[in-house]
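Worksheet: one structure, shown below.
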Amino acid sequence: MRNVSAADLVSAWERTLGRPPVDQALVLLSLTSPDCSSDSLAELSVGERDARLLTLREQLFGPQLSSVTVCPRCRQRLELAFDVADIRQPLPAQTLGPSAELTLDMDGYRVQFRLPNSADLSSVDEVADPDAAREHLLGRCIQSVVRPQARDDRADEADGLRLPLPLVEAIVARMSEADPQSDTRLALSCPDCHHQWAAVFDIGSYLVRELHDWVVHVLREVHALARAYGWREADILAMTAARRQAYLELAGHG
Ligand SMILES: [Zn+2]
């Protein structure tokens, strides 16, 4: 991955402002692959996207992550500390391209589908009901269905299909198996009531929050140095963090 400068980060932060979470993750992703169009990045599977964002996080802010959550049973507040390596999933046995087809044969059905990507997530952003959102997402990813009663090789349109629940669950399971990083969970245990649960961890929203805090801090430094010395923003951002800190101390802001 190329080096990402402080100016790149400030500019990426500006582009995330007021955007939906899926778009914000794509802005961050563009830092890892500046030569790829946003359309082609939006076609990467969700797991591939998150694997790249984990690598970016490690490069920018190191491997240690921390977070705060609440025990769903006793409401105790838990502070979590973990490593990028703890949540990085092994690569799938077979690496699939953006629109590669997977096939599932079950109970006489043959379903061909691809992995969900950021463009799919964007399209369900407005759907509040989780079941409706899942159905819509599957409708986009399922490319063809051959039903048991229609074994004349006629592929039904994926839109508006009603598939049996066990089949839908098998498709979803195949998707996460083929794209393991798309479903990152932390195995948690409450020290107070010993309740155990798996919490979803989203590297995209985590990194957006972290970038926001970092930019606010750096812009405060830029403000103090520009006021003390009259330097330009671009010149101050181009300095290493250590050099900015040294000048801040000389200017009485240490
Ligand atoms: Zn608890």
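Labeling convention for the structure tokens: chains A, B, ... as they appear, residues from 1 per chain, ligands from 1 in order of appearance.
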Worksheet entry | Filtered DSSP result for range 3-236 of chain A, state alpha helix (DSSP H), as JSON, numbers by chain | {"A": [6, 7, 8, 9, 10, 11, 12, 13, 14, 15, 16, 21, 22, 23, 24, 25, 26, 27, 28, 29, 30, 31, 32, 38, 39, 40, 41, 42, 46, 47, 48, 49, 50, 51, 52, 53, 54, 55, 56, 57, 58, 59, 60, 61, 84, 85, 86, 87, 118, 119, 120, 121, 122, 123, 124, 130, 131, 132, 133, 134, 135, 136, 137, 138, 139, 140, 141, 165, 166, 167, 168, 169, 170, 171, 172, 173, 174, 175, 176, 177, 178, 203, 204, 205, 206, 207, 208, 209, 210, 211, 212, 213, 214, 215, 216, 217, 218, 219, 220, 221, 222, 223, 224, 225, 226, 227, 228, 229, 233, 234, 235, 236]}
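Using only C-alpha atoms and all ligand atoms, we find that the residues with an atom at most 9 Å from any atom of ligand 1 are A:Val70, A:Cys71, A:Pro72, A:Arg73, A:Cys74, A:Arg75, A:Gln76, A:Arg77, A:Leu78, A:Ser189, A:Cys190, A:Pro191, A:Asp192, A:Cys193, A:His194, A:His195, A:Gln196.
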Quick one: which range 138-212 of chain A residues come within 12 Å of range 216-239 of chain A, and what is the nearest atom pair for each with the distance in Å to one decimal, counting only C-alpha atoms, rows ordered by chain and ascending number, as a tab-separated table?
residue	atom	partner	partner_atom	distance
A:Arg209	CA	A:Val216	CA	10.8
A:Glu210	CA	A:Val216	CA	10.1
A:Leu211	CA	A:Val216	CA	8.6
A:His212	CA	A:Val216	CA	6.2
Each residue of range 169-248 of chain A with at least one atom at most 8 Å from range 46-68 of chain A should appear once, together with its nearest atom pair and the corresponding distance in Å (one decimal); atoms considered: only C-alpha atoms; ordering: chain, then increasing residue number; output as a Markdown table.
| residue | atom | partner | partner_atom | distance |
| --- | --- | --- | --- | --- |
| A:Asp179 | CA | A:Gly47 | CA | 5.3 |
| A:Pro180 | CA | A:Gly47 | CA | 6.2 |
| A:Gln181 | CA | A:Gly47 | CA | 4.2 |
| A:Ser182 | CA | A:Gly47 | CA | 3.7 |
| A:Asp183 | CA | A:Gly47 | CA | 7.3 |
| A:Ile203 | CA | A:Asp50 | CA | 6.5 |
| A:Gly204 | CA | A:Leu53 | CA | 6.8 |
| A:Leu207 | CA | A:Arg57 | CA | 6.8 |
Next, dump the selected residues to file, keeping only N, CA and C atoms, as a short mmCIF file (atom, residue, chain, number, x, y, z; two decimals), in the first residue's frame.
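again_33.cif was written with the following content:
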data_model
loop_
_atom_site.label_atom_id
_atom_site.label_comp_id
_atom_site.auth_asym_id
_atom_site.auth_seq_id
_atom_site.Cartn_x
_atom_site.Cartn_y
_atom_site.Cartn_z
N ASP A 179 -16.75 -15.28 1.95
CA ASP A 179 -16.29 -13.91 2.15
C ASP A 179 -16.18 -13.65 3.66
N PRO A 180 -15.28 -14.41 4.33
CA PRO A 180 -15.32 -14.47 5.80
C PRO A 180 -15.18 -13.11 6.49
N GLN A 181 -14.43 -12.19 5.90
CA GLN A 181 -14.22 -10.91 6.60
C GLN A 181 -15.47 -10.03 6.59
N SER A 182 -16.50 -10.45 5.83
CA SER A 182 -17.70 -9.61 5.74
C SER A 182 -18.51 -9.65 7.04
N ASP A 183 -18.24 -10.60 7.90
CA ASP A 183 -19.01 -10.73 9.13
C ASP A 183 -18.04 -10.85 10.30
N ILE A 203 -15.26 -2.29 10.88
CA ILE A 203 -14.02 -1.53 10.75
C ILE A 203 -14.26 -0.20 10.03
N GLY A 204 -15.22 -0.15 9.11
CA GLY A 204 -15.48 1.09 8.37
C GLY A 204 -15.89 2.22 9.30
N LEU A 207 -13.11 3.22 11.78
CA LEU A 207 -12.02 4.01 11.21
C LEU A 207 -12.49 5.43 10.86
#
Using DSSP on the backbone, list every residue of range 17-243 of chain A that comes out as strand (DSSP E or B), and give them as a short mmCIF file (atom, residue, chain, number, x, y, z; two decimals) with all heavy atoms, in the first residue's frame.
data_model
loop_
_atom_site.label_atom_id
_atom_site.label_comp_id
_atom_site.auth_asym_id
_atom_site.auth_seq_id
_atom_site.Cartn_x
_atom_site.Cartn_y
_atom_site.Cartn_z
N SER A 45 -16.26 -7.19 -2.87
CA SER A 45 -17.14 -7.80 -1.86
C SER A 45 -16.92 -7.09 -0.52
O SER A 45 -15.86 -6.51 -0.28
CB SER A 45 -16.84 -9.29 -1.73
OG SER A 45 -15.60 -9.47 -1.08
N GLN A 64 -3.32 -1.98 17.29
CA GLN A 64 -4.16 -2.14 18.48
C GLN A 64 -5.45 -1.33 18.38
O GLN A 64 -5.42 -0.15 18.08
CB GLN A 64 -3.40 -1.71 19.73
CG GLN A 64 -2.41 -2.78 20.14
CD GLN A 64 -1.30 -2.24 21.00
OE1 GLN A 64 -1.13 -1.03 21.14
NE2 GLN A 64 -0.53 -3.17 21.55
N LEU A 65 -6.57 -2.00 18.64
CA LEU A 65 -7.88 -1.36 18.56
C LEU A 65 -8.49 -1.34 19.96
O LEU A 65 -8.21 -2.23 20.77
CB LEU A 65 -8.80 -2.16 17.64
CG LEU A 65 -8.31 -2.33 16.20
CD1 LEU A 65 -8.67 -3.70 15.68
CD2 LEU A 65 -8.90 -1.27 15.31
N SER A 66 -9.30 -0.34 20.22
CA SER A 66 -10.02 -0.34 21.49
C SER A 66 -11.43 0.16 21.25
O SER A 66 -11.68 0.91 20.31
CB SER A 66 -9.31 0.53 22.51
OG SER A 66 -9.30 1.85 22.05
N SER A 67 -12.32 -0.31 22.07
CA SER A 67 -13.72 0.04 21.87
C SER A 67 -14.46 -0.10 23.20
O SER A 67 -13.93 -0.67 24.16
CB SER A 67 -14.30 -0.91 20.81
OG SER A 67 -15.62 -0.59 20.55
N VAL A 68 -15.65 0.44 23.24
CA VAL A 68 -16.46 0.36 24.45
C VAL A 68 -17.80 -0.24 24.07
O VAL A 68 -18.35 0.10 23.02
CB VAL A 68 -16.66 1.77 25.06
CG1 VAL A 68 -17.61 1.71 26.23
CG2 VAL A 68 -15.33 2.36 25.48
N THR A 69 -18.31 -1.15 24.88
CA THR A 69 -19.62 -1.70 24.60
C THR A 69 -20.36 -1.90 25.92
O THR A 69 -19.80 -1.65 26.99
CB THR A 69 -19.53 -3.00 23.78
OG1 THR A 69 -20.83 -3.35 23.32
CG2 THR A 69 -18.97 -4.14 24.62
N VAL A 70 -21.61 -2.33 25.83
CA VAL A 70 -22.43 -2.51 27.03
C VAL A 70 -22.95 -3.94 27.03
O VAL A 70 -23.40 -4.44 26.00
CB VAL A 70 -23.61 -1.50 27.00
CG1 VAL A 70 -24.60 -1.81 28.12
CG2 VAL A 70 -23.10 -0.07 27.13
N ARG A 77 -20.75 -1.56 31.51
CA ARG A 77 -19.96 -0.98 30.44
C ARG A 77 -18.62 -1.73 30.36
O ARG A 77 -17.96 -1.93 31.39
CB ARG A 77 -19.72 0.49 30.78
CG ARG A 77 -19.06 1.30 29.71
CD ARG A 77 -19.09 2.77 30.16
NE ARG A 77 -18.32 3.61 29.26
CZ ARG A 77 -17.01 3.78 29.34
NH1 ARG A 77 -16.32 3.15 30.27
NH2 ARG A 77 -16.40 4.57 28.47
N LEU A 78 -18.27 -2.19 29.16
CA LEU A 78 -17.04 -2.95 29.00
C LEU A 78 -16.07 -2.21 28.09
O LEU A 78 -16.46 -1.71 27.05
CB LEU A 78 -17.31 -4.31 28.34
CG LEU A 78 -18.30 -5.27 28.96
CD1 LEU A 78 -18.32 -6.56 28.16
CD2 LEU A 78 -17.92 -5.55 30.39
N GLU A 79 -14.83 -2.15 28.51
CA GLU A 79 -13.79 -1.58 27.64
C GLU A 79 -13.07 -2.73 26.96
O GLU A 79 -12.63 -3.67 27.62
CB GLU A 79 -12.83 -0.74 28.46
CG GLU A 79 -13.49 0.55 28.89
CD GLU A 79 -12.56 1.50 29.63
OE1 GLU A 79 -11.34 1.28 29.59
OE2 GLU A 79 -13.10 2.43 30.25
N LEU A 80 -12.98 -2.68 25.64
CA LEU A 80 -12.39 -3.78 24.88
C LEU A 80 -11.06 -3.33 24.29
O LEU A 80 -10.94 -2.20 23.82
CB LEU A 80 -13.31 -4.18 23.72
CG LEU A 80 -14.79 -4.33 24.03
CD1 LEU A 80 -15.56 -4.58 22.75
CD2 LEU A 80 -14.97 -5.48 25.00
N ALA A 81 -10.10 -4.22 24.32
CA ALA A 81 -8.83 -3.96 23.65
C ALA A 81 -8.48 -5.21 22.86
O ALA A 81 -8.53 -6.31 23.39
CB ALA A 81 -7.75 -3.65 24.68
N PHE A 82 -8.21 -5.05 21.59
CA PHE A 82 -7.88 -6.21 20.77
C PHE A 82 -6.98 -5.76 19.62
O PHE A 82 -6.73 -4.57 19.45
CB PHE A 82 -9.14 -6.92 20.26
CG PHE A 82 -10.16 -5.99 19.64
CD1 PHE A 82 -10.26 -5.87 18.26
CD2 PHE A 82 -11.01 -5.24 20.45
CE1 PHE A 82 -11.19 -5.02 17.70
CE2 PHE A 82 -11.95 -4.38 19.88
CZ PHE A 82 -12.03 -4.27 18.51
N ASP A 83 -6.51 -6.74 18.87
CA ASP A 83 -5.56 -6.49 17.80
C ASP A 83 -6.21 -6.72 16.45
O ASP A 83 -7.13 -7.54 16.34
CB ASP A 83 -4.40 -7.49 17.93
CG ASP A 83 -3.14 -6.80 18.37
OD1 ASP A 83 -3.23 -6.03 19.35
OD2 ASP A 83 -2.11 -7.00 17.71
N LEU A 102 -21.40 -17.98 -7.50
CA LEU A 102 -21.39 -19.15 -6.62
C LEU A 102 -22.65 -19.94 -6.97
O LEU A 102 -23.66 -19.35 -7.36
CB LEU A 102 -21.44 -18.73 -5.16
CG LEU A 102 -20.24 -17.94 -4.64
CD1 LEU A 102 -20.62 -17.15 -3.40
CD2 LEU A 102 -19.12 -18.90 -4.30
N THR A 103 -22.58 -21.24 -6.79
CA THR A 103 -23.75 -22.07 -7.08
C THR A 103 -24.11 -22.89 -5.86
O THR A 103 -23.22 -23.44 -5.19
CB THR A 103 -23.45 -23.02 -8.26
OG1 THR A 103 -23.02 -22.23 -9.36
CG2 THR A 103 -24.68 -23.81 -8.65
N LEU A 104 -25.39 -22.95 -5.55
CA LEU A 104 -25.85 -23.77 -4.44
C LEU A 104 -26.95 -24.70 -4.96
O LEU A 104 -27.92 -24.24 -5.57
CB LEU A 104 -26.40 -22.88 -3.32
CG LEU A 104 -26.86 -23.62 -2.07
CD1 LEU A 104 -25.66 -24.03 -1.22
CD2 LEU A 104 -27.80 -22.76 -1.25
N ASP A 105 -26.78 -25.99 -4.72
CA ASP A 105 -27.82 -26.96 -5.06
C ASP A 105 -28.43 -27.46 -3.77
O ASP A 105 -27.71 -27.97 -2.90
CB ASP A 105 -27.21 -28.13 -5.83
CG ASP A 105 -26.82 -27.72 -7.24
OD1 ASP A 105 -27.70 -27.26 -7.99
OD2 ASP A 105 -25.62 -27.82 -7.58
N MET A 106 -29.74 -27.31 -3.64
CA MET A 106 -30.38 -27.75 -2.40
C MET A 106 -31.86 -28.02 -2.64
O MET A 106 -32.54 -27.20 -3.26
CB MET A 106 -30.22 -26.66 -1.34
CG MET A 106 -30.66 -27.07 0.04
SD MET A 106 -30.24 -25.78 1.24
CE MET A 106 -31.55 -26.04 2.40
N TYR A 109 -33.46 -27.20 -5.84
CA TYR A 109 -33.19 -25.86 -6.36
C TYR A 109 -31.74 -25.76 -6.81
O TYR A 109 -30.85 -26.39 -6.22
CB TYR A 109 -33.38 -24.79 -5.27
CG TYR A 109 -34.81 -24.46 -4.95
CD1 TYR A 109 -35.52 -25.20 -4.01
CD2 TYR A 109 -35.43 -23.38 -5.55
CE1 TYR A 109 -36.82 -24.87 -3.69
CE2 TYR A 109 -36.73 -23.04 -5.24
CZ TYR A 109 -37.43 -23.80 -4.31
OH TYR A 109 -38.71 -23.46 -4.00
N ARG A 110 -31.52 -24.97 -7.84
CA ARG A 110 -30.15 -24.57 -8.18
C ARG A 110 -30.13 -23.04 -8.22
O ARG A 110 -30.85 -22.42 -9.01
CB ARG A 110 -29.71 -25.16 -9.52
CG ARG A 110 -28.51 -24.43 -10.10
CD ARG A 110 -27.81 -25.23 -11.17
NE ARG A 110 -27.08 -26.33 -10.56
CZ ARG A 110 -25.97 -26.88 -11.10
NH1 ARG A 110 -25.50 -26.43 -12.24
NH2 ARG A 110 -25.36 -27.87 -10.50
N VAL A 111 -29.32 -22.44 -7.33
CA VAL A 111 -29.28 -20.98 -7.23
C VAL A 111 -27.87 -20.51 -7.56
O VAL A 111 -26.89 -21.05 -7.05
CB VAL A 111 -29.65 -20.50 -5.80
CG1 VAL A 111 -29.74 -18.98 -5.77
CG2 VAL A 111 -30.95 -21.12 -5.35
N GLN A 112 -27.80 -19.53 -8.46
CA GLN A 112 -26.51 -18.91 -8.76
C GLN A 112 -26.53 -17.49 -8.24
O GLN A 112 -27.51 -16.76 -8.43
CB GLN A 112 -26.25 -18.95 -10.26
CG GLN A 112 -25.96 -20.40 -10.67
CD GLN A 112 -25.51 -20.51 -12.09
OE1 GLN A 112 -26.28 -20.13 -12.98
NE2 GLN A 112 -24.32 -21.02 -12.31
N PHE A 113 -25.47 -17.12 -7.55
CA PHE A 113 -25.45 -15.80 -6.91
C PHE A 113 -24.03 -15.29 -6.79
O PHE A 113 -23.06 -16.04 -6.99
CB PHE A 113 -26.12 -15.87 -5.53
CG PHE A 113 -25.53 -16.91 -4.60
CD1 PHE A 113 -24.59 -16.54 -3.65
CD2 PHE A 113 -25.89 -18.24 -4.68
CE1 PHE A 113 -24.03 -17.48 -2.79
CE2 PHE A 113 -25.34 -19.20 -3.83
CZ PHE A 113 -24.40 -18.82 -2.89
N ASN A 117 -21.80 -6.54 -2.22
CA ASN A 117 -20.74 -5.52 -2.24
C ASN A 117 -21.29 -4.19 -1.70
O ASN A 117 -22.45 -4.11 -1.28
CB ASN A 117 -20.18 -5.38 -3.66
CG ASN A 117 -21.25 -4.98 -4.66
OD1 ASN A 117 -22.16 -4.23 -4.35
ND2 ASN A 117 -21.15 -5.51 -5.88
N ILE A 142 -28.71 -12.61 -6.22
CA ILE A 142 -29.08 -13.87 -6.86
C ILE A 142 -29.23 -13.63 -8.35
O ILE A 142 -29.97 -12.75 -8.79
CB ILE A 142 -30.38 -14.43 -6.26
CG1 ILE A 142 -30.10 -14.86 -4.81
CG2 ILE A 142 -30.89 -15.62 -7.08
CD1 ILE A 142 -31.32 -15.38 -4.08
N GLN A 143 -28.49 -14.40 -9.13
CA GLN A 143 -28.50 -14.18 -10.57
C GLN A 143 -29.49 -15.09 -11.29
O GLN A 143 -30.07 -14.71 -12.28
CB GLN A 143 -27.08 -14.32 -11.11
CG GLN A 143 -26.24 -13.13 -10.68
CD GLN A 143 -24.78 -13.45 -10.51
OE1 GLN A 143 -24.41 -14.56 -10.15
NE2 GLN A 143 -23.93 -12.48 -10.78
N SER A 144 -29.64 -16.31 -10.79
CA SER A 144 -30.65 -17.18 -11.40
C SER A 144 -31.08 -18.25 -10.41
O SER A 144 -30.32 -18.64 -9.52
CB SER A 144 -30.11 -17.83 -12.68
OG SER A 144 -29.12 -18.77 -12.35
N VAL A 145 -32.33 -18.68 -10.58
CA VAL A 145 -32.87 -19.74 -9.74
C VAL A 145 -33.55 -20.74 -10.65
O VAL A 145 -34.38 -20.36 -11.48
CB VAL A 145 -33.94 -19.18 -8.76
CG1 VAL A 145 -34.52 -20.32 -7.91
CG2 VAL A 145 -33.34 -18.11 -7.87
N VAL A 146 -33.18 -22.00 -10.54
CA VAL A 146 -33.94 -23.04 -11.22
C VAL A 146 -34.69 -23.80 -10.13
O VAL A 146 -34.09 -24.28 -9.17
CB VAL A 146 -33.00 -23.98 -12.02
CG1 VAL A 146 -33.81 -25.09 -12.67
CG2 VAL A 146 -32.24 -23.20 -13.07
N ASP A 156 -35.47 -18.74 -13.59
CA ASP A 156 -36.43 -17.69 -13.23
C ASP A 156 -35.70 -16.38 -12.96
O ASP A 156 -34.55 -16.37 -12.58
CB ASP A 156 -37.19 -18.08 -11.96
CG ASP A 156 -38.11 -19.26 -12.21
OD1 ASP A 156 -38.25 -19.63 -13.39
OD2 ASP A 156 -38.64 -19.80 -11.24
N ARG A 185 -16.94 -10.55 13.97
CA ARG A 185 -17.56 -10.52 15.30
C ARG A 185 -16.53 -10.69 16.39
O ARG A 185 -15.53 -11.38 16.21
CB ARG A 185 -18.60 -11.64 15.42
CG ARG A 185 -19.87 -11.28 14.69
CD ARG A 185 -20.77 -12.48 14.53
NE ARG A 185 -21.75 -12.20 13.51
CZ ARG A 185 -22.97 -11.74 13.77
NH1 ARG A 185 -23.35 -11.54 15.00
NH2 ARG A 185 -23.80 -11.50 12.78
N LEU A 186 -16.80 -10.06 17.53
CA LEU A 186 -15.94 -10.20 18.70
C LEU A 186 -16.64 -11.12 19.68
O LEU A 186 -17.81 -10.91 19.99
CB LEU A 186 -15.74 -8.83 19.36
CG LEU A 186 -15.14 -7.72 18.51
CD1 LEU A 186 -15.29 -6.38 19.22
CD2 LEU A 186 -13.68 -8.01 18.23
N ALA A 187 -15.92 -12.13 20.16
CA ALA A 187 -16.49 -13.03 21.17
C ALA A 187 -16.30 -12.34 22.53
O ALA A 187 -15.18 -12.16 22.98
CB ALA A 187 -15.78 -14.37 21.14
N LEU A 188 -17.40 -11.94 23.15
CA LEU A 188 -17.31 -11.16 24.39
C LEU A 188 -17.91 -11.93 25.55
O LEU A 188 -18.79 -12.77 25.39
CB LEU A 188 -18.06 -9.83 24.22
CG LEU A 188 -17.56 -8.92 23.11
CD1 LEU A 188 -18.38 -7.65 23.07
CD2 LEU A 188 -16.09 -8.60 23.28
N SER A 189 -17.39 -11.59 26.73
CA SER A 189 -17.89 -12.23 27.94
C SER A 189 -17.91 -11.16 29.04
O SER A 189 -16.93 -10.45 29.22
CB SER A 189 -16.93 -13.38 28.28
OG SER A 189 -17.15 -13.80 29.59
N GLN A 196 -22.26 -14.37 27.71
CA GLN A 196 -21.38 -14.42 26.55
C GLN A 196 -22.16 -14.09 25.30
O GLN A 196 -23.29 -14.56 25.14
CB GLN A 196 -20.75 -15.82 26.43
CG GLN A 196 -19.89 -16.15 27.62
CD GLN A 196 -19.10 -17.42 27.44
OE1 GLN A 196 -19.53 -18.31 26.70
NE2 GLN A 196 -17.95 -17.51 28.07
N TRP A 197 -21.57 -13.31 24.43
CA TRP A 197 -22.24 -12.97 23.18
C TRP A 197 -21.22 -12.58 22.13
O TRP A 197 -20.03 -12.41 22.44
CB TRP A 197 -23.27 -11.86 23.39
CG TRP A 197 -22.73 -10.48 23.58
CD1 TRP A 197 -22.72 -9.48 22.65
CD2 TRP A 197 -22.15 -9.92 24.76
NE1 TRP A 197 -22.17 -8.34 23.20
CE2 TRP A 197 -21.80 -8.58 24.49
CE3 TRP A 197 -21.85 -10.42 26.05
CZ2 TRP A 197 -21.20 -7.74 25.42
CZ3 TRP A 197 -21.24 -9.58 26.98
CH2 TRP A 197 -20.93 -8.26 26.66
N ALA A 198 -21.68 -12.49 20.89
CA ALA A 198 -20.80 -12.10 19.78
C ALA A 198 -21.27 -10.73 19.28
O ALA A 198 -22.41 -10.57 18.89
CB ALA A 198 -20.89 -13.13 18.66
N ALA A 199 -20.38 -9.75 19.34
CA ALA A 199 -20.73 -8.40 18.91
C ALA A 199 -20.15 -8.13 17.53
O ALA A 199 -18.99 -8.45 17.27
CB ALA A 199 -20.20 -7.38 19.91
N VAL A 200 -20.98 -7.57 16.67
CA VAL A 200 -20.52 -7.23 15.32
C VAL A 200 -19.52 -6.08 15.42
O VAL A 200 -19.72 -5.13 16.17
CB VAL A 200 -21.72 -6.80 14.45
CG1 VAL A 200 -21.25 -6.26 13.11
CG2 VAL A 200 -22.67 -7.97 14.25
#
Give me, as a compact mmCIF listing (two decimals) with N, CA and C atoms, in the first residue's frame, all polymer residues having an atom no more than 12 Å from Gln24 in chain A, counting only C-alpha atoms and skipping those fewer than 2 positions away in the same chain.
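Result file part_35.txt:
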# COMPACT_ATOMS: atom_id res chain seq x y z
N ALA A 12 -9.63 13.32 2.81
CA ALA A 12 -10.57 12.19 2.87
C ALA A 12 -11.65 12.47 3.93
N TRP A 13 -11.22 12.97 5.07
CA TRP A 13 -12.18 13.30 6.14
C TRP A 13 -13.25 14.27 5.62
N GLU A 14 -12.82 15.30 4.88
CA GLU A 14 -13.79 16.26 4.34
C GLU A 14 -14.81 15.58 3.43
N ARG A 15 -14.31 14.60 2.64
CA ARG A 15 -15.22 13.91 1.70
C ARG A 15 -16.18 12.96 2.41
N THR A 16 -15.89 12.59 3.68
CA THR A 16 -16.82 11.70 4.39
C THR A 16 -17.96 12.48 5.05
N LEU A 17 -17.78 13.80 5.20
CA LEU A 17 -18.76 14.57 5.99
C LEU A 17 -20.14 14.54 5.36
N GLY A 18 -21.14 14.22 6.19
CA GLY A 18 -22.52 14.21 5.72
C GLY A 18 -22.88 13.08 4.78
N ARG A 19 -21.99 12.10 4.61
CA ARG A 19 -22.27 11.00 3.69
C ARG A 19 -22.75 9.78 4.47
N PRO A 20 -23.53 8.90 3.82
CA PRO A 20 -23.94 7.67 4.51
C PRO A 20 -22.72 6.77 4.79
N PRO A 21 -22.84 5.90 5.81
CA PRO A 21 -21.70 5.07 6.22
C PRO A 21 -21.05 4.27 5.08
N VAL A 22 -21.87 3.74 4.16
CA VAL A 22 -21.28 2.92 3.08
C VAL A 22 -20.36 3.80 2.21
N LEU A 26 -16.15 3.80 1.52
CA LEU A 26 -15.56 3.81 0.18
C LEU A 26 -14.54 4.95 0.03
N VAL A 27 -14.79 6.07 0.69
CA VAL A 27 -13.82 7.17 0.67
C VAL A 27 -12.51 6.69 1.31
N LEU A 28 -12.61 6.00 2.44
CA LEU A 28 -11.41 5.49 3.10
C LEU A 28 -10.71 4.47 2.20
N LEU A 29 -11.53 3.64 1.57
CA LEU A 29 -10.97 2.60 0.70
C LEU A 29 -10.18 3.22 -0.46
N SER A 30 -10.64 4.39 -0.92
CA SER A 30 -9.95 5.03 -2.05
C SER A 30 -8.54 5.46 -1.64
N LEU A 31 -8.28 5.62 -0.33
CA LEU A 31 -6.92 5.94 0.12
C LEU A 31 -5.98 4.77 -0.14
N SER A 38 -14.31 4.85 -8.11
CA SER A 38 -15.15 4.53 -6.95
C SER A 38 -16.15 3.44 -7.32
N ALA A 42 -16.64 0.02 -5.26
CA ALA A 42 -17.97 -0.34 -4.74
C ALA A 42 -18.36 -1.76 -5.13
N LEU A 53 -9.59 -2.34 4.59
CA LEU A 53 -9.70 -1.27 5.60
C LEU A 53 -8.91 -1.63 6.87
N SER A 118 -20.46 -3.15 -1.74
CA SER A 118 -20.87 -1.87 -1.16
C SER A 118 -22.03 -1.25 -1.92
N SER A 122 -25.49 0.01 -0.23
CA SER A 122 -26.05 1.35 -0.45
C SER A 122 -27.52 1.25 -0.81
N ILE A 203 -15.26 -2.29 10.88
CA ILE A 203 -14.02 -1.53 10.75
C ILE A 203 -14.26 -0.20 10.03
N GLY A 204 -15.22 -0.15 9.11
CA GLY A 204 -15.48 1.09 8.37
C GLY A 204 -15.89 2.22 9.30
N SER A 205 -16.95 2.00 10.12
CA SER A 205 -17.41 3.08 10.98
C SER A 205 -16.39 3.36 12.08
N TYR A 206 -15.67 2.32 12.52
CA TYR A 206 -14.63 2.52 13.53
C TYR A 206 -13.56 3.48 13.00
N LEU A 207 -13.11 3.22 11.78
CA LEU A 207 -12.02 4.01 11.21
C LEU A 207 -12.49 5.43 10.86
N VAL A 208 -13.75 5.58 10.47
CA VAL A 208 -14.29 6.93 10.19
C VAL A 208 -14.26 7.77 11.47
N ARG A 209 -14.70 7.16 12.59
CA ARG A 209 -14.68 7.89 13.88
C ARG A 209 -13.27 8.26 14.28
N LEU A 211 -10.64 8.58 12.35
CA LEU A 211 -10.09 9.60 11.45
C LEU A 211 -10.62 10.98 11.86
N HIS A 212 -11.90 11.04 12.21
CA HIS A 212 -12.48 12.31 12.64
C HIS A 212 -11.71 12.87 13.84
Worksheet item: Quick one: residues within 12 Å of Cys141 in chain A, only C-alpha atoms counted, chain neighbours fewer than 3 positions away excluded, as a ChimeraX atom specification?
Response: /A:43,45,98-103,111-121,123,134-138,144-145,157-159,168,171-172,175
Practice prompt. Tell me, in Å to one decimal, how far CA of Arg162 in chain A is from CA of Ser176 in chain A.
Written response: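 Those two atoms sit 21.1 Å apart.
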